[in-house]
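Engineer: This is model39.csv (CSV, C-alpha atoms).
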```csv
chain,number,residue,atom,x,y,z
A,2,MET,CA,73.4,35.8,119.5
A,3,ALA,CA,74.3,38.5,117.1
A,4,LYS,CA,77.5,37.8,115.3
A,5,THR,CA,80.3,39.7,113.6
A,6,ILE,CA,80.1,39.9,109.8
A,7,PHE,CA,83.1,40.5,107.6
A,8,TYR,CA,82.0,42.1,104.3
A,9,HIS,CA,84.4,42.0,101.4
A,10,ALA,CA,84.5,41.9,97.6
A,11,GLY,CA,87.4,39.7,96.7
A,12,CYS,CA,89.8,42.6,96.0
A,13,PRO,CA,93.4,42.2,97.1
A,14,VAL,CA,93.0,44.4,100.2
A,15,CYS,CA,89.9,42.4,101.1
A,16,VAL,CA,91.5,39.0,100.7
A,17,SER,CA,94.5,40.1,102.7
A,18,ALA,CA,92.3,41.5,105.5
A,19,GLU,CA,90.2,38.4,105.6
A,20,HIS,CA,93.3,36.3,106.0
A,21,ASP,CA,94.5,38.6,108.8
A,22,ILE,CA,91.2,38.6,110.7
A,23,LEU,CA,90.9,34.8,110.5
A,24,GLN,CA,94.5,34.5,111.7
A,25,LEU,CA,93.7,36.9,114.6
A,26,LEU,CA,90.7,34.7,115.6
A,27,GLU,CA,92.8,31.6,115.5
A,28,ALA,CA,95.5,33.1,117.6
A,29,GLY,CA,92.9,34.4,120.0
A,30,ASN,CA,95.0,37.1,121.6
A,31,VAL,CA,96.3,40.6,120.9
A,32,GLU,CA,98.7,43.0,122.7
A,33,ILE,CA,97.1,46.3,123.5
A,34,VAL,CA,99.4,49.3,123.3
A,35,HIS,CA,98.1,52.7,124.4
A,36,LEU,CA,100.4,55.2,122.7
A,37,GLY,CA,99.0,58.1,124.7
A,38,GLU,CA,100.3,56.4,127.9
A,39,ASP,CA,103.4,54.8,126.4
A,40,ASN,CA,104.7,57.5,124.1
A,41,SER,CA,108.0,55.7,123.8
A,42,ARG,CA,106.4,53.2,121.4
A,43,VAL,CA,105.1,55.8,118.9
A,44,GLU,CA,108.3,55.4,116.9
A,45,GLU,CA,108.0,51.6,117.0
A,46,ALA,CA,104.4,51.9,115.6
A,47,GLU,CA,105.6,54.3,112.9
A,48,ALA,CA,108.4,52.0,111.8
A,49,LYS,CA,105.8,49.2,111.4
A,50,GLY,CA,103.8,51.4,109.0
A,51,VAL,CA,101.1,52.7,111.3
A,52,LYS,CA,99.8,56.0,110.0
A,53,SER,CA,96.8,56.5,112.3
A,54,VAL,CA,95.2,54.9,115.3
A,55,PRO,CA,93.4,52.6,116.0
A,56,ALA,CA,95.5,50.1,114.0
A,57,LEU,CA,96.3,46.4,114.2
A,58,ILE,CA,99.7,45.0,113.2
A,59,THR,CA,99.4,41.3,112.2
A,60,PRO,CA,102.1,38.7,113.0
A,61,ASN,CA,103.3,38.9,109.4
A,62,GLY,CA,103.6,42.7,109.5
A,63,ASN,CA,100.4,43.8,107.7
A,64,VAL,CA,98.9,47.0,109.0
A,65,LEU,CA,95.1,47.1,109.3
A,66,HIS,CA,94.0,50.7,109.8
A,67,ILE,CA,90.6,50.6,111.5
A,68,ASN,CA,88.3,53.6,111.0
A,69,PHE,CA,90.1,56.8,112.0
A,70,GLY,CA,90.8,58.1,115.5
A,71,ALA,CA,94.0,60.2,115.3
A,72,ASN,CA,97.0,60.6,113.1
A,73,LEU,CA,100.1,59.0,114.5
A,74,SER,CA,102.0,62.2,113.9
A,75,ASP,CA,99.8,64.0,116.4
A,76,LEU,CA,100.9,61.6,119.1
A,77,LYS,CA,104.6,62.5,118.8
A,78,SER,CA,105.9,64.3,121.8
B,199,MET,CA,105.5,33.5,117.8
B,200,ALA,CA,104.9,36.9,116.4
B,201,LYS,CA,101.7,38.4,117.8
B,202,THR,CA,99.1,40.8,116.7
B,203,ILE,CA,99.4,44.3,118.3
B,204,PHE,CA,96.6,46.8,118.6
B,205,TYR,CA,97.9,50.4,118.8
B,206,HIS,CA,95.5,53.0,120.0
B,207,ALA,CA,95.6,56.3,121.8
B,208,GLY,CA,92.7,56.4,124.1
B,209,CYS,CA,90.5,58.4,121.7
B,210,PRO,CA,86.8,57.5,121.5
B,211,VAL,CA,87.2,55.7,118.1
B,212,CYS,CA,90.2,53.8,119.6
B,213,VAL,CA,88.4,52.7,122.8
B,214,SER,CA,85.4,51.6,120.8
B,215,ALA,CA,87.5,49.6,118.3
B,216,GLU,CA,89.5,48.0,121.2
B,217,HIS,CA,86.2,46.8,122.7
B,218,ASP,CA,85.1,45.5,119.4
B,219,ILE,CA,88.3,43.6,118.6
B,220,LEU,CA,88.4,42.0,122.1
B,221,GLN,CA,84.7,41.0,121.7
B,222,LEU,CA,85.5,39.5,118.3
B,223,LEU,CA,88.3,37.5,119.9
B,224,GLU,CA,86.1,36.3,122.7
B,225,ALA,CA,83.4,35.2,120.2
B,226,GLY,CA,86.0,33.5,118.1
B,227,ASN,CA,84.0,33.5,114.9
B,228,VAL,CA,83.0,35.7,112.1
B,229,GLU,CA,80.7,35.3,109.1
B,230,ILE,CA,82.4,36.0,105.8
B,231,VAL,CA,80.2,37.7,103.1
B,232,HIS,CA,81.7,38.1,99.6
B,233,LEU,CA,79.6,40.9,98.1
B,234,GLY,CA,81.1,40.3,94.7
B,235,GLU,CA,79.6,36.8,94.7
B,236,ASP,CA,76.5,37.6,96.7
B,237,ASN,CA,75.5,40.9,95.2
B,238,SER,CA,72.0,40.7,96.9
B,239,ARG,CA,73.6,41.5,100.2
B,240,VAL,CA,75.1,44.8,99.1
B,241,GLU,CA,72.0,46.6,100.3
B,242,GLU,CA,72.1,44.8,103.6
B,243,ALA,CA,75.7,46.0,104.1
B,244,GLU,CA,74.8,49.5,103.1
B,245,ALA,CA,71.9,49.6,105.6
B,246,LYS,CA,74.3,48.6,108.3
B,247,GLY,CA,76.5,51.5,107.6
B,248,VAL,CA,79.2,49.9,105.4
B,249,LYS,CA,80.8,52.6,103.1
B,250,SER,CA,83.7,50.5,101.8
B,251,VAL,CA,85.1,47.1,101.9
B,252,PRO,CA,86.7,45.3,103.7
B,253,ALA,CA,84.6,46.1,106.8
B,254,LEU,CA,83.5,44.3,109.9
B,255,ILE,CA,80.1,44.7,111.5
B,256,THR,CA,80.2,43.9,115.2
B,257,PRO,CA,77.4,42.2,117.1
B,258,ASN,CA,76.3,45.6,118.5
B,259,GLY,CA,76.2,47.2,115.1
B,260,ASN,CA,79.5,49.1,115.0
B,261,VAL,CA,81.1,49.4,111.6
B,262,LEU,CA,84.9,48.9,111.5
B,263,HIS,CA,86.2,50.0,108.1
B,264,ILE,CA,89.6,48.3,107.6
B,265,ASN,CA,92.0,49.9,105.2
B,266,PHE,CA,90.4,50.5,101.8
B,267,GLY,CA,89.6,48.1,99.1
B,268,ALA,CA,86.6,49.4,97.2
B,269,ASN,CA,83.6,51.7,97.7
B,270,LEU,CA,80.4,49.9,98.4
B,271,SER,CA,78.7,52.0,95.7
B,272,ASP,CA,81.0,50.4,93.1
B,273,LEU,CA,79.6,47.0,94.0
B,274,LYS,CA,76.0,47.9,93.2
B,275,SER,CA,74.7,46.1,90.2
```
For this file, write the structure as structure tokens.
Structural biologist:
Amino acid sequence: MAKTIFYHAGCPVCVSAEHDILQLLEAGNVEIVHLGEDNSRVEEAEAKGVKSVPALITPNGNVLHINFGANLSDLKS
Amino acid sequence: MAKTIFYHAGCPVCVSAEHDILQLLEAGNVEIVHLGEDNSRVEEAEAKGVKSVPALITPNGNVLHINFGANLSDLKS
């Protein structure tokens, strides 16, 4: 089976992200929040440091911005 | 216990990333490649569409660029 590969280069951002991804795999679950459908949580996401979506917030508060879909500011009603 | 939260907004990039993250959790494992230590795989990463690290390549070939650590081009020897 094809597998997921995490490429990094030992930089601080890389090491932190590696730790976060491995922690996510260990936990095995994630809460999915659709900010378009639940607009009341946009401020919560902003307070946690989310600048754009999609993004993951890890249990220790790190923000992992993944690719770029939309600016959080564009989701404010 | 604090949990990981995935914020998205229903955009195509978001939906694709959500699918990829859930698939990653289901698979439960990931190969870690340190391009600084294994420079011979930089070309492999580039061929898969990696522009910067850290990045995840999913089993179906999607590239998830996570935050920004370094440009792949800076890792070429």
Engineer: I need the chain B residues near chain A as an mmCIF file with C-alpha atoms, in the frame of the given file; criterion: at most 8 Å, counting only C-alpha atoms.
Structural biologist:
```cif
data_model
loop_
_atom_site.group_PDB
_atom_site.id
_atom_site.type_symbol
_atom_site.label_atom_id
_atom_site.label_comp_id
_atom_site.auth_asym_id
_atom_site.auth_seq_id
_atom_site.Cartn_x
_atom_site.Cartn_y
_atom_site.Cartn_z
ATOM 1 C CA MET B 199 105.500 33.500 117.800
ATOM 2 C CA ALA B 200 104.900 36.900 116.400
ATOM 3 C CA LYS B 201 101.700 38.400 117.800
ATOM 4 C CA THR B 202 99.100 40.800 116.700
ATOM 5 C CA ILE B 203 99.400 44.300 118.300
ATOM 6 C CA PHE B 204 96.600 46.800 118.600
ATOM 7 C CA TYR B 205 97.900 50.400 118.800
ATOM 8 C CA HIS B 206 95.500 53.000 120.000
ATOM 9 C CA ALA B 207 95.600 56.300 121.800
ATOM 10 C CA GLY B 208 92.700 56.400 124.100
ATOM 11 C CA CYS B 209 90.500 58.400 121.700
ATOM 12 C CA PRO B 210 86.800 57.500 121.500
ATOM 13 C CA VAL B 211 87.200 55.700 118.100
ATOM 14 C CA CYS B 212 90.200 53.800 119.600
ATOM 15 C CA ALA B 215 87.500 49.600 118.300
ATOM 16 C CA GLU B 216 89.500 48.000 121.200
ATOM 17 C CA LEU B 222 85.500 39.500 118.300
ATOM 18 C CA LEU B 223 88.300 37.500 119.900
ATOM 19 C CA GLU B 224 86.100 36.300 122.700
ATOM 20 C CA GLY B 226 86.000 33.500 118.100
ATOM 21 C CA ASN B 227 84.000 33.500 114.900
ATOM 22 C CA VAL B 228 83.000 35.700 112.100
ATOM 23 C CA GLU B 229 80.700 35.300 109.100
ATOM 24 C CA ILE B 230 82.400 36.000 105.800
ATOM 25 C CA VAL B 231 80.200 37.700 103.100
ATOM 26 C CA HIS B 232 81.700 38.100 99.600
ATOM 27 C CA LEU B 233 79.600 40.900 98.100
ATOM 28 C CA GLY B 234 81.100 40.300 94.700
ATOM 29 C CA GLU B 235 79.600 36.800 94.700
ATOM 30 C CA ALA B 243 75.700 46.000 104.100
ATOM 31 C CA VAL B 251 85.100 47.100 101.900
ATOM 32 C CA PRO B 252 86.700 45.300 103.700
ATOM 33 C CA ALA B 253 84.600 46.100 106.800
ATOM 34 C CA LEU B 254 83.500 44.300 109.900
ATOM 35 C CA ILE B 255 80.100 44.700 111.500
ATOM 36 C CA THR B 256 80.200 43.900 115.200
ATOM 37 C CA PRO B 257 77.400 42.200 117.100
ATOM 38 C CA ASN B 258 76.300 45.600 118.500
ATOM 39 C CA LEU B 262 84.900 48.900 111.500
ATOM 40 C CA HIS B 263 86.200 50.000 108.100
ATOM 41 C CA ILE B 264 89.600 48.300 107.600
ATOM 42 C CA ASN B 265 92.000 49.900 105.200
ATOM 43 C CA PHE B 266 90.400 50.500 101.800
ATOM 44 C CA GLY B 267 89.600 48.100 99.100
ATOM 45 C CA ALA B 268 86.600 49.400 97.200
ATOM 46 C CA LEU B 273 79.600 47.000 94.000
#
```
Engineer: Can you provide chain A as a short mmCIF file (atom, residue, chain, number, x, y, z; two decimals) with C-alpha atoms, in the coordinates of the input, superposed onto chain B by least squares across all C-alpha atoms matched in order?
Structural biologist:
```cif
data_model
loop_
_atom_site.label_atom_id
_atom_site.label_comp_id
_atom_site.auth_asym_id
_atom_site.auth_seq_id
_atom_site.Cartn_x
_atom_site.Cartn_y
_atom_site.Cartn_z
CA MET A 2 105.56 33.46 117.78
CA ALA A 3 104.91 36.87 116.42
CA LYS A 4 101.74 38.34 117.75
CA THR A 5 99.12 40.87 116.72
CA ILE A 6 99.47 44.34 118.27
CA PHE A 7 96.59 46.75 118.62
CA TYR A 8 97.90 50.34 118.72
CA HIS A 9 95.60 53.02 120.03
CA ALA A 10 95.63 56.37 121.83
CA GLY A 11 92.64 56.36 124.10
CA CYS A 12 90.44 58.42 121.75
CA PRO A 13 86.79 57.47 121.48
CA VAL A 14 87.20 55.67 118.13
CA CYS A 15 90.15 53.79 119.62
CA VAL A 16 88.37 52.71 122.77
CA SER A 17 85.37 51.60 120.78
CA ALA A 18 87.54 49.60 118.35
CA GLU A 19 89.45 48.00 121.14
CA HIS A 20 86.23 46.88 122.73
CA ASP A 21 85.06 45.49 119.37
CA ILE A 22 88.28 43.60 118.63
CA LEU A 23 88.37 42.05 122.12
CA GLN A 24 84.72 41.06 121.71
CA LEU A 25 85.55 39.51 118.29
CA LEU A 26 88.38 37.45 119.91
CA GLU A 27 86.11 36.27 122.64
CA ALA A 28 83.43 35.23 120.26
CA GLY A 29 86.01 33.52 118.11
CA ASN A 30 84.01 33.43 114.91
CA VAL A 31 82.94 35.70 112.06
CA GLU A 32 80.62 35.31 109.02
CA ILE A 33 82.38 35.99 105.78
CA VAL A 34 80.27 37.65 103.11
CA HIS A 35 81.72 38.12 99.63
CA LEU A 36 79.63 40.89 98.08
CA GLY A 37 81.12 40.33 94.65
CA GLU A 38 79.61 36.79 94.67
CA ASP A 39 76.48 37.59 96.66
CA ASN A 40 75.42 40.93 95.25
CA SER A 41 72.04 40.58 96.87
CA ARG A 42 73.58 41.50 100.24
CA VAL A 43 75.11 44.82 99.10
CA GLU A 44 71.97 46.61 100.25
CA GLU A 45 72.05 44.80 103.60
CA ALA A 46 75.71 45.97 104.09
CA GLU A 47 74.74 49.53 103.13
CA ALA A 48 71.86 49.64 105.58
CA LYS A 49 74.30 48.59 108.34
CA GLY A 50 76.51 51.60 107.54
CA VAL A 51 79.20 49.97 105.44
CA LYS A 52 80.73 52.54 103.13
CA SER A 53 83.67 50.54 101.75
CA VAL A 54 85.07 47.05 101.88
CA PRO A 55 86.71 45.29 103.67
CA ALA A 56 84.54 46.07 106.73
CA LEU A 57 83.52 44.28 109.91
CA ILE A 58 80.08 44.74 111.49
CA THR A 59 80.20 43.95 115.25
CA PRO A 60 77.33 42.23 117.11
CA ASN A 61 76.28 45.60 118.52
CA GLY A 62 76.19 47.23 115.08
CA ASN A 63 79.51 49.15 115.02
CA VAL A 64 81.15 49.34 111.63
CA LEU A 65 84.93 48.89 111.54
CA HIS A 66 86.22 50.00 108.15
CA ILE A 67 89.55 48.24 107.59
CA ASN A 68 92.03 49.90 105.22
CA PHE A 69 90.39 50.55 101.85
CA GLY A 70 89.64 48.06 99.09
CA ALA A 71 86.57 49.36 97.19
CA ASN A 72 83.68 51.68 97.72
CA LEU A 73 80.45 49.89 98.41
CA SER A 74 78.76 51.98 95.76
CA ASP A 75 80.97 50.43 93.10
CA LEU A 76 79.63 47.01 93.99
CA LYS A 77 76.00 47.89 93.19
CA SER A 78 74.70 46.10 90.18
#
```
Engineer: Would you mind reading off the distance between atom CA of A:Glu45 and atom CA of A:Ser74, one decimal, in Å?
Structural biologist: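 Computing it gives 12.6 Å between the two atoms.
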Engineer: Have a look at atom CA of B:Lys274 and atom CA of A:His20 and let me know their distance in Å, one decimal.
Structural biologist: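 Pair atom CA of B:Lys274 / atom CA of A:His20 returns 24.4 Å.
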Engineer: For stretch 212-231 of chain B, supply N, CA and C atoms and report the output as a PDB file, keeping the file's coordinate frame.
Structural biologist:
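Result file selection31.pdb:
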```pdb
ATOM      1  N   CYS B 212      89.236  54.853 119.183  1.00  0.00           N
ATOM      2  CA  CYS B 212      90.200  53.800 119.600  1.00  0.00           C
ATOM      3  C   CYS B 212      89.556  52.879 120.644  1.00  0.00           C
ATOM      4  N   VAL B 213      88.935  53.483 121.644  1.00  0.00           N
ATOM      5  CA  VAL B 213      88.400  52.700 122.800  1.00  0.00           C
ATOM      6  C   VAL B 213      87.255  51.804 122.230  1.00  0.00           C
ATOM      7  N   SER B 214      86.448  52.350 121.345  1.00  0.00           N
ATOM      8  CA  SER B 214      85.400  51.600 120.800  1.00  0.00           C
ATOM      9  C   SER B 214      85.907  50.403 119.943  1.00  0.00           C
ATOM     10  N   ALA B 215      86.940  50.671 119.139  1.00  0.00           N
ATOM     11  CA  ALA B 215      87.500  49.600 118.300  1.00  0.00           C
ATOM     12  C   ALA B 215      88.192  48.550 119.176  1.00  0.00           C
ATOM     13  N   GLU B 216      88.845  48.983 120.251  1.00  0.00           N
ATOM     14  CA  GLU B 216      89.500  48.000 121.200  1.00  0.00           C
ATOM     15  C   GLU B 216      88.428  47.069 121.721  1.00  0.00           C
ATOM     16  N   HIS B 217      87.338  47.646 122.175  1.00  0.00           N
ATOM     17  CA  HIS B 217      86.200  46.800 122.700  1.00  0.00           C
ATOM     18  C   HIS B 217      85.743  45.841 121.667  1.00  0.00           C
ATOM     19  N   ASP B 218      85.587  46.335 120.455  1.00  0.00           N
ATOM     20  CA  ASP B 218      85.100  45.500 119.400  1.00  0.00           C
ATOM     21  C   ASP B 218      86.004  44.345 119.035  1.00  0.00           C
ATOM     22  N   ILE B 219      87.304  44.659 118.993  1.00  0.00           N
ATOM     23  CA  ILE B 219      88.300  43.600 118.600  1.00  0.00           C
ATOM     24  C   ILE B 219      88.353  42.561 119.740  1.00  0.00           C
ATOM     25  N   LEU B 220      88.308  43.003 120.992  1.00  0.00           N
ATOM     26  CA  LEU B 220      88.400  42.000 122.100  1.00  0.00           C
ATOM     27  C   LEU B 220      87.105  41.167 122.108  1.00  0.00           C
ATOM     28  N   GLN B 221      85.981  41.796 121.790  1.00  0.00           N
ATOM     29  CA  GLN B 221      84.700  41.000 121.700  1.00  0.00           C
ATOM     30  C   GLN B 221      84.780  40.002 120.602  1.00  0.00           C
ATOM     31  N   LEU B 222      85.375  40.414 119.482  1.00  0.00           N
ATOM     32  CA  LEU B 222      85.500  39.500 118.300  1.00  0.00           C
ATOM     33  C   LEU B 222      86.378  38.299 118.732  1.00  0.00           C
ATOM     34  N   LEU B 223      87.463  38.561 119.470  1.00  0.00           N
ATOM     35  CA  LEU B 223      88.300  37.500 119.900  1.00  0.00           C
ATOM     36  C   LEU B 223      87.627  36.535 120.840  1.00  0.00           C
ATOM     37  N   GLU B 224      86.792  37.118 121.694  1.00  0.00           N
ATOM     38  CA  GLU B 224      86.100  36.300 122.700  1.00  0.00           C
ATOM     39  C   GLU B 224      85.051  35.406 121.948  1.00  0.00           C
ATOM     40  N   ALA B 225      84.357  35.997 120.966  1.00  0.00           N
ATOM     41  CA  ALA B 225      83.400  35.200 120.200  1.00  0.00           C
ATOM     42  C   ALA B 225      84.060  34.142 119.393  1.00  0.00           C
ATOM     43  N   GLY B 226      85.200  34.499 118.817  1.00  0.00           N
ATOM     44  CA  GLY B 226      86.000  33.500 118.100  1.00  0.00           C
ATOM     45  C   GLY B 226      85.475  33.124 116.725  1.00  0.00           C
ATOM     46  N   ASN B 227      84.478  33.831 116.241  1.00  0.00           N
ATOM     47  CA  ASN B 227      84.000  33.500 114.900  1.00  0.00           C
ATOM     48  C   ASN B 227      83.468  34.710 114.187  1.00  0.00           C
ATOM     49  N   VAL B 228      83.415  34.599 112.878  1.00  0.00           N
ATOM     50  CA  VAL B 228      83.000  35.700 112.100  1.00  0.00           C
ATOM     51  C   VAL B 228      82.335  35.112 110.792  1.00  0.00           C
ATOM     52  N   GLU B 229      81.261  35.731 110.344  1.00  0.00           N
ATOM     53  CA  GLU B 229      80.700  35.300 109.100  1.00  0.00           C
ATOM     54  C   GLU B 229      81.326  36.086 107.959  1.00  0.00           C
ATOM     55  N   ILE B 230      81.755  35.380 106.926  1.00  0.00           N
ATOM     56  CA  ILE B 230      82.400  36.000 105.800  1.00  0.00           C
ATOM     57  C   ILE B 230      81.380  36.186 104.661  1.00  0.00           C
ATOM     58  N   VAL B 231      81.179  37.402 104.207  1.00  0.00           N
ATOM     59  CA  VAL B 231      80.200  37.700 103.100  1.00  0.00           C
ATOM     60  C   VAL B 231      81.007  38.291 101.946  1.00  0.00           C
TER      61      VAL B 231
END
```
